[in-house]
Each structure stands twice: as C-alpha cells, then as structure tokens.
file data.csv (CSV, C-alpha atoms)
chain,number,residue,atom,x,y,z
L,106,MET,CA,-63.3,-17.6,-36.5
L,107,ARG,CA,-64.0,-20.9,-34.8
L,108,SER,CA,-67.5,-21.0,-33.4
L,109,ASP,CA,-67.4,-24.2,-31.3
L,110,VAL,CA,-67.8,-23.6,-27.7
L,111,THR,CA,-64.8,-25.4,-26.5
L,112,GLY,CA,-62.4,-23.5,-28.7
L,113,LEU,CA,-61.3,-19.9,-28.8
L,114,SER,CA,-60.3,-18.1,-31.9
L,115,GLU,CA,-57.1,-16.1,-31.8
L,116,SER,CA,-59.1,-12.9,-31.5
L,117,GLU,CA,-61.3,-14.2,-28.8
L,118,ARG,CA,-58.3,-15.4,-26.8
L,119,ASP,CA,-56.7,-12.0,-27.3
L,120,ALA,CA,-59.8,-10.1,-26.2
L,121,LEU,CA,-60.3,-12.2,-23.1
L,122,ALA,CA,-56.7,-11.9,-22.1
L,123,GLU,CA,-56.7,-8.1,-22.5
L,124,ILE,CA,-60.0,-7.7,-20.6
L,125,ALA,CA,-58.7,-9.9,-17.8
L,126,ASN,CA,-55.4,-8.1,-17.8
L,127,MET,CA,-57.2,-4.8,-17.2
L,128,GLY,CA,-59.2,-6.3,-14.4
L,129,VAL,CA,-56.1,-7.9,-12.7
L,130,SER,CA,-54.0,-4.8,-13.2
L,131,ARG,CA,-56.6,-2.8,-11.3
L,132,ALA,CA,-56.7,-5.6,-8.7
L,133,ALA,CA,-52.9,-5.4,-8.3
L,134,THR,CA,-53.2,-1.6,-7.8
L,135,SER,CA,-55.6,-2.3,-4.9
L,136,LEU,CA,-53.3,-5.0,-3.5
L,137,ARG,CA,-50.4,-2.6,-3.7
L,138,GLN,CA,-52.3,-0.1,-1.6
L,139,MET,CA,-53.0,-2.8,1.0
L,140,VAL,CA,-49.5,-4.3,1.3
L,141,GLY,CA,-47.4,-1.1,0.6
L,142,GLU,CA,-45.1,-2.9,-1.8
L,143,GLN,CA,-45.1,-3.1,-5.5
L,144,VAL,CA,-47.0,-6.1,-7.0
L,145,LEU,CA,-45.5,-7.6,-10.1
L,146,LEU,CA,-47.7,-9.3,-12.7
L,147,SER,CA,-47.2,-11.8,-15.4
L,148,VAL,CA,-48.8,-11.6,-18.8
L,149,PRO,CA,-52.3,-13.3,-18.7
L,150,ALA,CA,-52.9,-16.9,-19.8
L,151,VAL,CA,-56.2,-18.1,-21.1
L,152,GLU,CA,-56.9,-21.8,-21.3
L,153,ILE,CA,-59.9,-24.0,-21.9
L,154,VAL,CA,-59.2,-27.1,-19.9
L,155,SER,CA,-60.7,-29.8,-17.7
L,156,ARG,CA,-61.1,-29.0,-14.0
L,157,THR,CA,-58.5,-31.6,-13.4
L,158,LYS,CA,-56.0,-29.8,-15.6
L,159,ALA,CA,-57.0,-26.4,-14.0
L,160,ALA,CA,-56.2,-28.0,-10.6
L,161,GLU,CA,-52.8,-29.0,-11.9
L,162,LEU,CA,-52.1,-25.6,-13.2
L,163,ALA,CA,-53.0,-24.1,-9.8
L,164,GLU,CA,-50.4,-26.4,-8.2
L,165,ARG,CA,-47.7,-25.7,-10.8
L,166,GLY,CA,-45.7,-23.5,-8.4
L,167,GLY,CA,-45.0,-26.6,-6.5
L,168,ALA,CA,-47.3,-26.0,-3.6
L,169,ALA,CA,-50.1,-28.5,-3.2
L,170,LYS,CA,-51.6,-26.9,-0.2
L,171,LEU,CA,-53.2,-23.7,-1.3
L,172,VAL,CA,-55.4,-21.0,0.2
L,173,ALA,CA,-57.9,-19.2,-2.0
L,174,VAL,CA,-60.2,-16.3,-1.4
L,175,GLN,CA,-63.1,-16.8,-3.9
L,176,GLN,CA,-66.1,-14.9,-5.0
L,177,SER,CA,-68.8,-16.0,-7.3
L,178,PHE,CA,-70.1,-13.7,-9.9
L,179,GLU,CA,-73.4,-13.8,-11.8
L,180,GLY,CA,-74.7,-11.9,-14.7
L,181,PRO,CA,-74.8,-12.5,-18.4
L,182,PHE,CA,-72.0,-14.9,-17.7
L,183,SER,CA,-71.1,-16.4,-14.3
L,184,GLY,CA,-68.2,-18.0,-12.7
L,185,ARG,CA,-65.7,-17.6,-9.9
L,186,ALA,CA,-62.9,-15.3,-9.3
L,187,LEU,CA,-60.1,-16.5,-7.0
L,188,LEU,CA,-57.0,-15.1,-5.3
L,189,ILE,CA,-54.8,-18.1,-4.8
L,190,PHE,CA,-51.5,-18.5,-3.0
L,191,PRO,CA,-49.5,-21.3,-1.2
L,192,GLU,CA,-50.9,-21.9,2.3
L,193,ALA,CA,-47.4,-21.4,3.7
L,194,GLN,CA,-47.5,-17.8,2.7
L,195,SER,CA,-50.9,-17.0,4.1
L,196,LEU,CA,-49.7,-15.5,7.4
L,197,GLU,CA,-47.0,-13.5,5.6
L,198,LEU,CA,-49.6,-12.0,3.3
L,199,VAL,CA,-51.8,-11.1,6.3
L,200,ARG,CA,-48.7,-9.7,8.1
L,201,SER,CA,-47.9,-7.5,5.1
L,202,ILE,CA,-51.4,-6.1,5.2
L,203,VAL,CA,-52.0,-5.5,8.9
L,204,GLY,CA,-48.4,-4.5,9.6
L,205,ASP,CA,-45.2,-6.1,11.0
L,206,GLU,CA,-45.8,-4.8,14.5
L,207,HIS,CA,-48.4,-7.4,15.3
L,208,SER,CA,-47.6,-10.6,17.2
L,209,LEU,CA,-47.9,-14.0,15.6
L,210,GLU,CA,-51.0,-14.7,17.8
L,211,ASP,CA,-52.7,-11.6,16.5
L,212,ILE,CA,-51.9,-12.4,13.0
L,213,ILE,CA,-53.3,-15.9,13.3
L,214,ASP,CA,-56.5,-14.4,14.9
L,215,LEU,CA,-56.9,-12.0,12.1
L,216,GLU,CA,-56.0,-14.4,9.3
L,217,GLN,CA,-59.4,-15.5,8.1
L,218,GLU,CA,-61.0,-12.1,8.3
L,219,ALA,CA,-58.0,-10.4,6.7
L,220,LEU,CA,-57.8,-12.8,3.8
L,221,ALA,CA,-61.5,-12.5,3.1
L,222,GLU,CA,-61.3,-8.7,3.2
L,223,THR,CA,-58.2,-8.6,1.0
L,224,GLY,CA,-59.8,-11.0,-1.5
L,225,ASN,CA,-63.0,-8.9,-1.5
L,226,VAL,CA,-61.1,-5.7,-2.3
L,227,ILE,CA,-58.9,-7.2,-4.9
L,228,LEU,CA,-61.5,-9.4,-6.7
L,229,ASN,CA,-64.0,-6.6,-6.7
L,230,ALA,CA,-61.5,-4.3,-8.4
L,231,CYS,CA,-60.9,-7.0,-11.0
L,232,LEU,CA,-64.6,-7.9,-11.6
L,233,ALA,CA,-65.9,-4.4,-11.5
L,234,THR,CA,-63.3,-3.4,-14.2
L,235,ILE,CA,-64.3,-6.3,-16.4
L,236,ALA,CA,-68.0,-5.5,-15.9
L,237,ASN,CA,-67.5,-1.9,-16.8
L,238,VAL,CA,-65.4,-2.6,-19.8
L,239,LEU,CA,-68.1,-5.0,-21.1
L,240,ARG,CA,-70.9,-2.7,-20.0
L,241,ARG,CA,-72.6,-5.5,-18.1
L,242,THR,CA,-73.8,-5.7,-14.6
L,243,MET,CA,-72.4,-8.5,-12.4
L,244,ARG,CA,-73.5,-9.5,-9.0
L,245,MET,CA,-70.8,-10.7,-6.7
L,246,SER,CA,-71.1,-13.0,-3.7
L,247,LEU,CA,-69.4,-12.4,-0.4
L,248,PRO,CA,-65.9,-13.8,-0.3
L,249,SER,CA,-65.1,-17.2,1.2
L,250,VAL,CA,-61.8,-18.6,2.2
L,251,VAL,CA,-61.1,-22.1,0.9
L,252,ARG,CA,-58.1,-24.3,1.8
L,253,GLY,CA,-56.9,-27.4,0.0
L,254,ASP,CA,-55.3,-28.6,-3.2
L,255,GLY,CA,-56.1,-27.5,-6.7
L,256,THR,CA,-58.9,-30.1,-7.0
L,257,THR,CA,-60.6,-28.9,-3.8
L,258,LEU,CA,-60.4,-25.3,-5.0
L,259,PHE,CA,-61.8,-26.0,-8.5
L,260,GLN,CA,-64.6,-28.4,-7.5
L,261,GLY,CA,-67.6,-27.7,-9.7
L,262,PRO,CA,-71.1,-27.3,-8.5
L,263,ALA,CA,-72.9,-30.7,-9.0
L,264,LEU,CA,-72.1,-31.0,-12.7
L,265,GLY,CA,-75.1,-31.8,-14.8
L,266,SER,CA,-73.3,-30.8,-17.9
L,267,GLU,CA,-71.8,-33.3,-20.2
L,268,SER,CA,-68.4,-31.8,-20.0
L,269,ASP,CA,-66.3,-30.5,-17.1
L,270,LEU,CA,-64.3,-28.1,-19.3
L,271,VAL,CA,-63.8,-24.7,-17.8
L,272,MET,CA,-62.1,-21.5,-19.0
L,273,PHE,CA,-59.2,-20.9,-16.7
L,274,LEU,CA,-57.8,-17.4,-17.0
L,275,TYR,CA,-54.9,-16.5,-14.7
L,276,ILE,CA,-52.2,-14.0,-14.0
L,277,ASP,CA,-49.3,-14.7,-11.6
L,278,PHE,CA,-48.3,-12.1,-9.1
L,279,THR,CA,-45.4,-11.6,-6.7
L,280,ILE,CA,-45.1,-9.0,-4.0
L,281,LYS,CA,-41.8,-7.2,-4.1
L,282,ASN,CA,-39.6,-7.4,-1.0
L,283,ARG,CA,-41.9,-10.1,0.5
L,284,ASP,CA,-41.8,-13.8,0.0
L,285,ILE,CA,-45.3,-13.8,-1.4
L,286,ARG,CA,-46.5,-15.1,-4.8
L,287,GLY,CA,-49.7,-16.4,-6.1
L,288,PHE,CA,-52.2,-15.8,-8.8
L,289,ILE,CA,-55.5,-14.3,-9.6
L,290,ALA,CA,-57.8,-16.6,-11.6
L,291,LEU,CA,-61.2,-16.5,-13.3
L,292,LEU,CA,-63.0,-19.8,-13.8
L,293,MET,CA,-66.0,-20.1,-16.0
L,294,ASP,CA,-68.0,-23.0,-17.3
L,295,LEU,CA,-69.1,-23.7,-20.9
L,296,PRO,CA,-72.4,-21.8,-21.1
L,297,SER,CA,-70.7,-18.8,-19.6
L,298,ILE,CA,-67.9,-19.0,-22.1
L,299,ALA,CA,-70.4,-19.0,-24.9
L,300,ALA,CA,-72.2,-16.0,-23.4
L,301,LEU,CA,-68.9,-14.2,-22.9
L,302,LYS,CA,-67.8,-14.8,-26.5
L,303,ASP,CA,-71.1,-13.2,-27.7
L,304,ILE,CA,-70.5,-10.2,-25.4
L,305,VAL,CA,-66.9,-9.8,-26.6
L,306,ARG,CA,-68.1,-9.9,-30.2
L,307,ASP,CA,-70.7,-7.2,-29.4
L,308,PHE,CA,-68.0,-5.2,-27.7
L,309,ILE,CA,-65.7,-5.3,-30.8
L,310,ASP,CA,-68.6,-4.7,-33.2
L,311,GLY,CA,-69.7,-1.7,-31.0
L,312,LEU,CA,-66.2,-0.1,-30.8
L,313,ASP,CA,-67.1,2.8,-33.1
L,314,LYS,CA,-70.7,3.3,-32.0
L,315,HIS,CA,-70.0,4.2,-28.4
L,316,SER,CA,-68.6,7.4,-27.0
L,317,GLY,CA,-65.5,5.6,-25.9
L,318,ASN,CA,-64.9,5.1,-22.3
L,319,VAL,CA,-63.5,1.7,-22.7
L,320,GLY,CA,-60.0,0.4,-23.5
X,161,MET,CA,-51.6,19.5,-37.8
X,162,ASN,CA,-51.8,15.8,-38.2
X,163,HIS,CA,-49.2,13.7,-36.3
X,164,ARG,CA,-47.9,10.2,-36.8
X,165,VAL,CA,-48.6,8.0,-33.7
X,166,LEU,CA,-47.2,4.7,-32.8
X,167,ILE,CA,-49.5,2.3,-30.8
X,168,VAL,CA,-47.6,-0.4,-29.0
X,169,ASP,CA,-49.7,-3.2,-27.5
X,170,ASP,CA,-49.5,-7.0,-27.7
X,171,SER,CA,-53.3,-7.2,-27.6
X,172,LYS,CA,-55.1,-6.6,-30.9
X,173,LEU,CA,-58.2,-5.7,-29.0
X,174,ALA,CA,-56.4,-3.0,-27.1
X,175,ARG,CA,-55.0,-1.6,-30.4
X,176,MET,CA,-58.5,-1.7,-32.0
X,177,VAL,CA,-59.9,0.2,-29.0
X,178,MET,CA,-57.1,2.8,-29.2
X,179,ALA,CA,-57.6,3.2,-33.0
X,180,SER,CA,-61.3,3.6,-32.5
X,181,ALA,CA,-60.7,6.4,-30.0
X,182,PHE,CA,-58.5,8.1,-32.5
X,183,ARG,CA,-61.2,7.9,-35.2
X,184,ARG,CA,-63.5,9.8,-32.8
X,185,ILE,CA,-61.1,12.4,-31.4
X,186,ARG,CA,-58.2,12.7,-34.0
X,187,PRO,CA,-59.5,11.1,-37.1
X,188,ASP,CA,-56.8,12.5,-39.4
X,189,TRP,CA,-53.8,11.4,-37.4
X,190,LEU,CA,-51.7,8.6,-38.9
X,191,LEU,CA,-51.5,5.5,-36.8
X,192,THR,CA,-48.9,2.7,-36.9
X,193,GLU,CA,-49.1,-0.4,-34.7
X,194,ALA,CA,-46.5,-2.5,-33.1
X,195,THR,CA,-47.2,-5.7,-31.1
X,196,ASN,CA,-44.0,-5.8,-29.1
X,197,ALA,CA,-40.9,-3.8,-28.1
X,198,ASP,CA,-38.8,-5.0,-31.1
X,199,GLU,CA,-41.4,-3.8,-33.6
X,200,ALA,CA,-41.7,-0.6,-31.7
X,201,LEU,CA,-38.0,0.1,-31.8
X,202,ASN,CA,-37.8,-0.7,-35.5
X,203,ALA,CA,-40.7,1.7,-36.2
X,204,ILE,CA,-39.1,4.4,-34.1
X,205,ALA,CA,-35.7,3.9,-35.8
X,206,THR,CA,-37.4,5.0,-39.1
X,207,GLY,CA,-37.6,8.5,-37.6
X,208,THR,CA,-41.2,9.0,-38.6
X,209,VAL,CA,-42.9,8.4,-35.2
X,210,GLU,CA,-43.9,11.7,-33.5
X,211,ILE,CA,-45.9,10.3,-30.6
X,212,ALA,CA,-45.9,6.9,-28.9
X,213,LEU,CA,-48.6,5.1,-26.8
X,214,ILE,CA,-47.1,2.1,-25.1
X,215,ASP,CA,-48.8,-0.7,-23.2
X,216,PHE,CA,-47.1,-1.7,-19.9
X,217,ASN,CA,-47.8,-5.4,-19.5
X,218,MET,CA,-46.3,-7.1,-22.6
X,219,PRO,CA,-44.4,-10.3,-23.2
X,220,GLY,CA,-40.7,-9.7,-23.6
X,221,LEU,CA,-39.6,-6.1,-22.7
X,222,ASP,CA,-42.4,-4.4,-20.7
X,223,GLY,CA,-43.6,-0.9,-21.5
X,224,LEU,CA,-41.3,0.8,-19.0
X,225,GLU,CA,-38.2,-1.1,-20.3
X,226,LEU,CA,-39.2,-0.1,-23.8
X,227,VAL,CA,-39.6,3.6,-22.9
X,228,SER,CA,-36.2,3.5,-21.3
X,229,ARG,CA,-34.7,2.1,-24.5
X,230,ILE,CA,-36.5,4.8,-26.6
X,231,ARG,CA,-35.2,7.5,-24.3
X,232,GLN,CA,-31.6,6.6,-25.0
X,233,ARG,CA,-32.1,8.0,-28.5
X,234,GLN,CA,-35.2,10.1,-28.2
X,235,PRO,CA,-35.2,12.1,-25.0
X,236,ASN,CA,-38.1,14.3,-26.1
X,237,LEU,CA,-40.5,12.1,-28.0
X,238,PRO,CA,-43.9,12.5,-26.4
X,239,ILE,CA,-44.8,9.1,-24.9
X,240,ALA,CA,-47.6,7.8,-22.8
X,241,LEU,CA,-47.5,4.6,-20.9
X,242,VAL,CA,-50.9,3.0,-21.1
X,243,SER,CA,-52.1,0.6,-18.4
X,244,ALA,CA,-54.8,-0.4,-15.9
X,245,ASN,CA,-51.9,-1.0,-13.5
X,246,LEU,CA,-52.0,2.3,-11.5
X,247,GLN,CA,-49.4,1.3,-8.9
X,248,ASP,CA,-47.4,4.2,-7.6
X,249,GLU,CA,-44.1,2.7,-8.7
X,250,ILE,CA,-45.2,2.3,-12.3
X,251,ILE,CA,-46.5,5.9,-12.6
X,252,ALA,CA,-43.4,7.2,-10.8
X,253,ARG,CA,-41.1,5.3,-13.1
X,254,ALA,CA,-43.0,6.6,-16.2
X,255,ARG,CA,-42.5,10.2,-14.8
X,256,GLU,CA,-38.8,9.6,-14.3
X,257,LEU,CA,-38.6,8.6,-17.9
X,258,ASN,CA,-40.4,11.7,-19.0
X,259,ALA,CA,-43.5,9.8,-20.1
X,260,SER,CA,-47.1,10.5,-19.4
X,261,PHE,CA,-49.5,7.9,-18.0
X,262,VAL,CA,-52.9,7.1,-19.5
X,263,ALA,CA,-55.1,4.7,-17.5
X,264,LYS,CA,-56.9,1.7,-19.1
X,265,PRO,CA,-59.8,1.5,-19.8
X,266,VAL,CA,-58.8,4.5,-22.0
X,267,THR,CA,-61.3,7.3,-22.1
X,268,ASP,CA,-61.5,9.8,-25.0
X,269,GLU,CA,-60.9,12.6,-22.5
X,270,ALA,CA,-57.7,11.2,-21.0
X,271,LEU,CA,-56.3,10.3,-24.4
X,272,GLY,CA,-57.3,13.6,-25.8
X,273,ALA,CA,-55.6,15.5,-23.0
X,274,PHE,CA,-52.4,13.6,-23.6
X,275,LEU,CA,-52.5,14.2,-27.3
X,276,SER,CA,-53.2,17.9,-27.0
X,277,GLY,CA,-50.2,18.2,-24.7
X,278,ALA,CA,-48.1,16.2,-27.0
X,279,ALA,CA,-49.1,18.3,-30.0
X,280,LEU,CA,-48.3,21.4,-28.1
X,281,ARG,CA,-44.8,20.1,-27.2
X,282,LEU,CA,-44.2,19.2,-30.9
X,283,ARG,CA,-45.3,22.6,-32.0
X,284,LYS,CA,-42.9,24.3,-29.5
X,285,ALA,CA,-40.0,22.0,-30.4
X,286,ALA,CA,-40.5,23.0,-34.1
X,287,GLN,CA,-40.4,26.7,-33.4

call {"tool": "encode", "arguments": {"input": "data.csv", "output": "structure tokens"}}
result
Amino acid sequence: MRSDVTGLSESERDALAEIANMGVSRAATSLRQMVGEQVLLSVPAVEIVSRTKAAELAERGGAAKLVAVQQSFEGPFSGRALLIFPEAQSLELVRSIVGDEHSLEDIIDLEQEALAETGNVILNACLATIANVLRRTMRMSLPSVVRGDGTTLFQGPALGSESDLVMFLYIDFTIKNRDIRGFIALLMDLPSIAALKDIVRDFIDGLDKHSGNVG
Amino acid sequence: MNHRVLIVDDSKLARMVMASAFRRIRPDWLLTEATNADEALNAIATGTVEIALIDFNMPGLDGLELVSRIRQRQPNLPIALVSANLQDEIIARARELNASFVAKPVTDEALGAFLSGAALRLRKAAQ
C-alpha cells in the first residue's frame, strides 16, 4: 500500500469510492423525493488533482457557467460538499422542486432560497451517511450558492500549503424526464486526505470488532 | 443448513463489509464473490449459487439489469438488491423482479432478515 499523501492505493481508492457512493445514493434518494422524478447516478470517480484540474473536470459537461450549492464540513477531516449543475438549468431545477404551476417570476424569486434548501437536504443526506459509516461526527456549515466557472467554485481558502492538490470525488446525476444534469462532488485538501486515509484504515481494521451497522 | 451465497459488488470494501456481517450472523455459510455482472452470471451458471446479494450501482450492467438477466434462467433464486439508493423506482423494479431490497449501510438485522426469509424459501422449495 502506498503511503504517500498524494497517492491513493487501490484499496483506499475503492473504499473512498464506495463510501462516497453510499452518501451520494442517499442524497439521490432525497433529491428524488424533492423533484418527484427518478435520479440516475454514474459510478463514482476519485481523483487527486490540482484545483485547476478539478475546475476543468467540473466544466467537462461543456458548461462553463455553473451554479453550486456548497456546504463546508469539519471534523476529523474537513472539506466541501457541492451540488453543481449548469447555470442554464438552475431555473428548471427549481421548477421541478416547487412545481410547474408557478410563474417564471415566482420561480426567479424563489431561486436562491430553493437552491440553498435543496442543496442543504441533499448534501446533508450525503455527509451524514458518510459520517455515520465512518463513525465520526462532522459539523456542517449552512449552504451557500456560488455562481461562476469551475475555477471560481473550487477556489481554495488562502492557501498556505505547499501544494494545491485536492481530492476530488464526484458522481454525475441526471433527472429523468427533466433536462437536468449535474454532479455531487466532495473536495478535500491534503491534510484531510491523510486523516481520511487513517480513518478508512481504522474502519477496515475494525470490520470484525463492531456489531455491524455499516456497509 | 448452510447455504452458498454469491456477493456481487464492484467495491472490495463493500464485499469485505458483507463478508464481515456473515461472519457474525451466518459464520458457516459459504461465500463466493463477483466483482461485476459477467462474473456473477458465470458463477450462477455453475448451478451452485443458492442466494445472491447484488449491488445496484456497478460499472457495466447495473444490479437491476443483472437481476433481470438472472431471472431469465432462475425465476426463484432468492436475491436481494443492495444499495444506499432508496429511490421508489429502484425498490419497485427490484420487487417486480421478485428480488428483496437491503439498504446500505447494511445492518446485521436487515441482512439477517433477508437471509432467514431466503433460507425458508429454499427449505420450502426442497420439500
């Protein structure tokens, strides 16, 4: 098993993908309840990349103008969870949540609040599942809505660290019968990746010691 | 009676978690693992699989597509779809395919309940 911070061994990558998959699958379940249509998910991708590369990955669907609802989380590891989609689809997403009977003016009025609330429900479902699986407590900030290109979304806090590598973990989603697609992403910096690796190792080592309410 | 169980999941971690639950609740049952639909179909073609636990979100054929393939040959094999994706459509499709649904993160209780039901069905089928 490679132990350097910037690399992930096969088993670490697998474990992180599976844990994220559980989180995002629960998030999709919440989103489905809000929009009333099935939410289709891709298989998860886990990458350790520069912020620049993460920004490119965020724009890979072709849309440079994005909307993200983001929440920071803090605990034994910290980072950000983001629900991201093309800005052009923002109103359609809000419409699918509040109902088709509302006028465009109403939808526009509601947009910011509806996005924040949707993000809050979905990202909490995701992060709470991950925290429960890993048996750790995570504090989550209130959601904020950010607009811009990938670079704007993934700007780091004033980076004192020598590297701007991040772990970028994402799963694409599309909403059936609606022209809405996007992805849910988790972004963590290097100290958090190292902490998370330790926690995942503890989790695997502890598999047979606990009374089993994880999967 | 000990049964032969096939665990299908692309994630090694998920298969380890499942195997660890079996060690607690059905330590004597025989487990086989498959990492994708092709491996699962090959394992089932040997005729030795009595119960299957199948992950939903996998590269290639997803779990529901896999169950649908299995059902063409094995209408009565006890199967549970295993996923954290609890959307109505997925659970309903599993039911249509005569498969149970076990939520991830898997609990010993939920897995145990499915396995007890499966064992009962196998016993009845053998009578």

call {"tool": "atom_distance", "arguments": {"input": "data.csv", "atom1": "atom CA of Met161 of chain X", "atom2": "atom CA of Ala273 of chain X"}}
result
15.8 Å

call {"tool": "residues_around", "arguments": {"input": "data.csv", "residues": "segment 166-175 of chain X", "least_positions_apart": "2", "cutoff": "7 Å", "atoms": "all atoms listed in the file", "output": "list in words"}}
result
Asp119, Ala120, Glu123 and Gly320 of chain L; Arg164, Val177, Met178, Ala179, Leu191, Thr192, Glu193, Ala194, Thr195, Asn196, Ala200, Val209, Ile211, Ala212, Leu213, Ile214, Asp215 and Met218 of chain X

call {"tool": "interface_residues", "arguments": {"input": "data.csv", "of": "chain X", "to": "chain L", "cutoff": "10 Å", "atoms": "all atoms listed in the file", "output": "ChimeraX atom specification"}}
result
/X:169-185,217-220,222,242-250,263-270

call {"tool": "closest_residue", "arguments": {"input": "data.csv", "among": "X:Ser276, X:Arg186, X:Asn236, X:Arg229", "to": "Asn202 of chain X", "atoms": "all atoms listed in the file"}}
result
X:Arg229

call {"tool": "residues_around", "arguments": {"input": "data.csv", "residues": "Gly224 of chain L", "least_positions_apart": "2", "cutoff": "12 Å", "atoms": "all atoms listed in the file", "output": "PyMOL selection string"}}
result
chain L and resi 132-133+135-136+139+172-177+186-190+198-199+202+216-222+226-232+246-251+288-290

call {"tool": "write_last_selection", "arguments": {"input": "data.csv", "atoms": "C-alpha atoms", "output": "mmCIF file, in the coordinates of the input"}}
result
data_model
loop_
_atom_site.group_PDB
_atom_site.id
_atom_site.type_symbol
_atom_site.label_atom_id
_atom_site.label_comp_id
_atom_site.auth_asym_id
_atom_site.auth_seq_id
_atom_site.Cartn_x
_atom_site.Cartn_y
_atom_site.Cartn_z
ATOM 1 C CA ALA L 132 -56.700 -5.600 -8.700
ATOM 2 C CA ALA L 133 -52.900 -5.400 -8.300
ATOM 3 C CA SER L 135 -55.600 -2.300 -4.900
ATOM 4 C CA LEU L 136 -53.300 -5.000 -3.500
ATOM 5 C CA MET L 139 -53.000 -2.800 1.000
ATOM 6 C CA VAL L 172 -55.400 -21.000 0.200
ATOM 7 C CA ALA L 173 -57.900 -19.200 -2.000
ATOM 8 C CA VAL L 174 -60.200 -16.300 -1.400
ATOM 9 C CA GLN L 175 -63.100 -16.800 -3.900
ATOM 10 C CA GLN L 176 -66.100 -14.900 -5.000
ATOM 11 C CA SER L 177 -68.800 -16.000 -7.300
ATOM 12 C CA ALA L 186 -62.900 -15.300 -9.300
ATOM 13 C CA LEU L 187 -60.100 -16.500 -7.000
ATOM 14 C CA LEU L 188 -57.000 -15.100 -5.300
ATOM 15 C CA ILE L 189 -54.800 -18.100 -4.800
ATOM 16 C CA PHE L 190 -51.500 -18.500 -3.000
ATOM 17 C CA LEU L 198 -49.600 -12.000 3.300
ATOM 18 C CA VAL L 199 -51.800 -11.100 6.300
ATOM 19 C CA ILE L 202 -51.400 -6.100 5.200
ATOM 20 C CA GLU L 216 -56.000 -14.400 9.300
ATOM 21 C CA GLN L 217 -59.400 -15.500 8.100
ATOM 22 C CA GLU L 218 -61.000 -12.100 8.300
ATOM 23 C CA ALA L 219 -58.000 -10.400 6.700
ATOM 24 C CA LEU L 220 -57.800 -12.800 3.800
ATOM 25 C CA ALA L 221 -61.500 -12.500 3.100
ATOM 26 C CA GLU L 222 -61.300 -8.700 3.200
ATOM 27 C CA VAL L 226 -61.100 -5.700 -2.300
ATOM 28 C CA ILE L 227 -58.900 -7.200 -4.900
ATOM 29 C CA LEU L 228 -61.500 -9.400 -6.700
ATOM 30 C CA ASN L 229 -64.000 -6.600 -6.700
ATOM 31 C CA ALA L 230 -61.500 -4.300 -8.400
ATOM 32 C CA CYS L 231 -60.900 -7.000 -11.000
ATOM 33 C CA LEU L 232 -64.600 -7.900 -11.600
ATOM 34 C CA SER L 246 -71.100 -13.000 -3.700
ATOM 35 C CA LEU L 247 -69.400 -12.400 -0.400
ATOM 36 C CA PRO L 248 -65.900 -13.800 -0.300
ATOM 37 C CA SER L 249 -65.100 -17.200 1.200
ATOM 38 C CA VAL L 250 -61.800 -18.600 2.200
ATOM 39 C CA VAL L 251 -61.100 -22.100 0.900
ATOM 40 C CA PHE L 288 -52.200 -15.800 -8.800
ATOM 41 C CA ILE L 289 -55.500 -14.300 -9.600
ATOM 42 C CA ALA L 290 -57.800 -16.600 -11.600
#

call {"tool": "residues_around", "arguments": {"input": "data.csv", "residues": "Val154 of chain L", "least_positions_apart": "6", "cutoff": "8 Å", "atoms": "all atoms listed in the file", "output": "list in words"}}
result
Leu270, Val271, Met272 and Phe273 of chain L

call {"tool": "write_last_selection", "arguments": {"input": "data.csv", "atoms": "C-alpha atoms", "output": "PDB file, in the frame of the given file"}}
result
ATOM      1  CA  LEU L 270     -64.300 -28.100 -19.300  1.00  0.00           C
ATOM      2  CA  VAL L 271     -63.800 -24.700 -17.800  1.00  0.00           C
ATOM      3  CA  MET L 272     -62.100 -21.500 -19.000  1.00  0.00           C
ATOM      4  CA  PHE L 273     -59.200 -20.900 -16.700  1.00  0.00           C
TER       5      PHE L 273
END

call {"tool": "atom_distance", "arguments": {"input": "data.csv", "atom1": "atom CA of Val203 of chain L", "atom2": "atom CA of Arg286 of chain L"}}
result
17.6 Å

call {"tool": "closest_residue", "arguments": {"input": "data.csv", "among": "X:Leu275, X:Ala252, X:Ala205, X:Leu221", "to": "Ala240 of chain X", "atoms": "all atoms listed in the file"}}
result
X:Leu275

call {"tool": "residues_around", "arguments": {"input": "data.csv", "residues": "Leu209 of chain L", "least_positions_apart": "6", "cutoff": "10 Å", "atoms": "only C-alpha atoms", "output": "PyMOL selection string"}}
result
chain L and resi 196+200+215

call {"tool": "write_last_selection", "arguments": {"input": "data.csv", "atoms": "C-alpha atoms", "output": "PDB file, keeping the file's coordinate frame"}}
result
ATOM      1  CA  LEU L 196     -49.700 -15.500   7.400  1.00  0.00           C
ATOM      2  CA  ARG L 200     -48.700  -9.700   8.100  1.00  0.00           C
ATOM      3  CA  LEU L 215     -56.900 -12.000  12.100  1.00  0.00           C
TER       4      LEU L 215
END

call {"tool": "closest_residue", "arguments": {"input": "data.csv", "among": "X:Ala254, X:Ile204, X:Ile239, X:Ile230", "to": "Ala278 of chain X", "atoms": "only C-alpha atoms"}}
result
X:Ile239

call {"tool": "closest_residue", "arguments": {"input": "data.csv", "among": "X:Arg255, X:Ala197, X:Leu226, X:Val262", "to": "Leu241 of chain X", "atoms": "only C-alpha atoms"}}
result
X:Val262

call {"tool": "atom_distance", "arguments": {"input": "data.csv", "atom1": "atom CA of Asp307 of chain L", "atom2": "atom CA of Leu239 of chain L"}}
result
9.0 Å
